[in-house]
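Structure record follows, encoded as C-alpha cells.
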Amino acid sequence: MTATPAERPAERIGGWLLAPLAWLLVSLLGTLLVVARFVAVLLTPEMAAVLNGQIAGDKALWYTSFIFAVAMGGYTLWLTVAFFKRRRLVPKHYIIWLLVTILLALKAFAFSPVSDTLALRQLLFPLLAAALIVPYFKRSQRVKKTFVNP
C-alpha cells in the first residue's frame, strides 16, 4: 500500500537546492556585514560627528539606507530559517527576495556614486541568480516535494 502525499516525508534539502541555499547564506553574511558597518558608524564618536555634520538630505539618505539594510537583513534571516525548516511558503518568498535584491542593485546602479563597472557587477549576479533560480523554483518537482511544512 502506498502512502498518500500528506503522509510522505518531505525530501531533504539537496541537489540543485544547495545553490539557492548557498546564495541565501552568502547574502545573509553580506547583509549582516553591511548592518555591522552601519552600526559601527553610529557607535564611533568620530564617525557619528561626521554624520551629524552632514546636511539633512544626506542624513536622511543615510538613515534610509540603514533601515533598508536592517529590513533586508531581517527578511534574509527569516527566509534562511524558513528554508532550513522547509516551509511551504519558501519558494514564493525566495522569488520575492530575489526581486528585492534586483531592485536594490538597480538602485545602487542608478543612484550610488560608484563606477559603472562595479554597479554592473553588483547588478549582474542578482539578475543571473533570478534567471536561473526562478524557473527552477516554479517548475521543479524536487522543490514541490521539499518545501511542504506549514
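In the C-alpha cells, the first chain shown is A, the next is B, and so on; residue numbers restart at 1 for each chain, and ligands run from 1 in the order shown.
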
### Task
Please provide the set of residues having any atom within 8 Å of region 12-20 of chain A, restricted to only C-alpha atoms, with same-chain residues fewer than 6 positions apart removed, written as number ranges by chain.
A: 84, 86, 133, 143, 146

### Query
Can you list, as a PyMOL selection string, every protein, DNA or RNA residue that comes within 10 Å of region 59-75 of chain A when you count only C-alpha atoms, leaving out same-chain residues fewer than 6 positions away?
chain A and resi 27-39+51-53+81+93+97+100-101+104

### Task
Pick out the closest residue to Leu127 (chain A) from this set: A:Val114, A:Val148, A:Val41, A:Ile102. Count only C-alpha atoms.
A:Ile102

### Query
Which value, in Å to one decimal, gives the distance between CA of Lys92 (chain A) and CA of Leu77 (chain A)?
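Atom-to-atom, CA of Lys92 (chain A) to CA of Leu77 (chain A), that is 15.7 Å.
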
### Query
If you run DSSP on the backbone, which residues of chain A are alpha helix (DSSP H), as an MDAnalysis selection string?
chainID A and resid 18:43 45:52 56:84 90:111 116:139 141:146

### Best match for closeness to Lys107 (chain A) among A:Ala131, A:Val50, A:Leu120, A:Ile95, counting only C-alpha atoms
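Of all the options, A:Leu120 lies closest to Lys107 (chain A).
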
### Task
Compare A:Leu123, A:Leu89, A:Leu79, A:Leu128 by their minimum atom-to-atom distance to Leu106 (chain A), counting only C-alpha atoms, and give me the closest one.
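Smallest separation from Leu106 (chain A) among the options: A:Leu123.
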
### Task
Just the residues within 10 Å of Ala105 (chain A), please, counting only C-alpha atoms, with nothing from its chain fewer than 5 positions along; format it as a ChimeraX atom specification.
/A:99-100,110-112,119-127

Output N, CA and C atoms for every residue in the selection just made, as a PDB file, in the first residue's frame.
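Written out: again21.pdb:
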```pdb
ATOM      1  N   LEU A  99      13.690  39.357  -6.303  1.00  0.00           N
ATOM      2  CA  LEU A  99      13.244  40.594  -6.943  1.00  0.00           C
ATOM      3  C   LEU A  99      13.665  41.821  -6.141  1.00  0.00           C
ATOM      4  N   VAL A 100      13.609  41.725  -4.817  1.00  0.00           N
ATOM      5  CA  VAL A 100      14.053  42.839  -3.972  1.00  0.00           C
ATOM      6  C   VAL A 100      15.551  43.073  -4.153  1.00  0.00           C
ATOM      7  N   ALA A 110      21.711  53.153 -10.236  1.00  0.00           N
ATOM      8  CA  ALA A 110      21.201  54.461 -10.656  1.00  0.00           C
ATOM      9  C   ALA A 110      21.646  55.603  -9.746  1.00  0.00           C
ATOM     10  N   PHE A 111      21.758  55.362  -8.446  1.00  0.00           N
ATOM     11  CA  PHE A 111      21.932  56.472  -7.519  1.00  0.00           C
ATOM     12  C   PHE A 111      23.231  56.495  -6.740  1.00  0.00           C
ATOM     13  N   SER A 112      23.995  55.435  -6.743  1.00  0.00           N
ATOM     14  CA  SER A 112      25.225  55.415  -5.948  1.00  0.00           C
ATOM     15  C   SER A 112      26.385  56.011  -6.724  1.00  0.00           C
ATOM     16  N   ALA A 119      28.940  48.810 -10.405  1.00  0.00           N
ATOM     17  CA  ALA A 119      27.482  48.762 -10.316  1.00  0.00           C
ATOM     18  C   ALA A 119      26.907  47.666 -11.221  1.00  0.00           C
ATOM     19  N   LEU A 120      27.474  47.512 -12.412  1.00  0.00           N
ATOM     20  CA  LEU A 120      27.000  46.454 -13.304  1.00  0.00           C
ATOM     21  C   LEU A 120      27.312  45.075 -12.743  1.00  0.00           C
ATOM     22  N   ARG A 121      28.458  44.934 -12.098  1.00  0.00           N
ATOM     23  CA  ARG A 121      28.816  43.655 -11.486  1.00  0.00           C
ATOM     24  C   ARG A 121      27.849  43.333 -10.352  1.00  0.00           C
ATOM     25  N   GLN A 122      27.476  44.355  -9.574  1.00  0.00           N
ATOM     26  CA  GLN A 122      26.513  44.132  -8.498  1.00  0.00           C
ATOM     27  C   GLN A 122      25.129  43.803  -9.044  1.00  0.00           C
ATOM     28  N   LEU A 123      24.811  44.283 -10.214  1.00  0.00           N
ATOM     29  CA  LEU A 123      23.523  44.017 -10.834  1.00  0.00           C
ATOM     30  C   LEU A 123      23.510  42.669 -11.555  1.00  0.00           C
ATOM     31  N   LEU A 124      24.662  42.258 -12.070  1.00  0.00           N
ATOM     32  CA  LEU A 124      24.738  41.027 -12.854  1.00  0.00           C
ATOM     33  C   LEU A 124      24.410  39.787 -12.024  1.00  0.00           C
ATOM     34  N   PHE A 125      24.951  39.679 -10.834  1.00  0.00           N
ATOM     35  CA  PHE A 125      24.742  38.476 -10.027  1.00  0.00           C
ATOM     36  C   PHE A 125      23.278  38.279  -9.621  1.00  0.00           C
ATOM     37  N   PRO A 126      22.579  39.303  -9.124  1.00  0.00           N
ATOM     38  CA  PRO A 126      21.152  39.079  -8.828  1.00  0.00           C
ATOM     39  C   PRO A 126      20.324  38.751 -10.072  1.00  0.00           C
ATOM     40  N   LEU A 127      20.645  39.368 -11.210  1.00  0.00           N
ATOM     41  CA  LEU A 127      19.912  39.056 -12.439  1.00  0.00           C
ATOM     42  C   LEU A 127      20.154  37.618 -12.873  1.00  0.00           C
TER      43      LEU A 127
END
```

### Task
Would you work out the distance separating CA of Leu24 (chain A) from CA of Tyr94 (chain A), expressed in Å to one decimal?
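We find that CA of Leu24 (chain A) and CA of Tyr94 (chain A) lie 8.9 Å from each other.
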
### Query
Between CA of Leu103 (chain A) and CA of Asp58 (chain A), what is the spacing in Å?
20.9 Å

### Query
With only C-alpha atoms as the atoms that count, which of A:Val26, A:Ala130, A:Met47, A:Ala40 lies nearest to Leu98 (chain A)?
A:Ala130

### Query
Quick one: of A:Leu42, A:Ile96, A:Trp23, A:Arg142, who's nearest to Ala129 (chain A), counting only C-alpha atoms?
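Closest to Ala129 (chain A), using only C-alpha atoms: A:Trp23.
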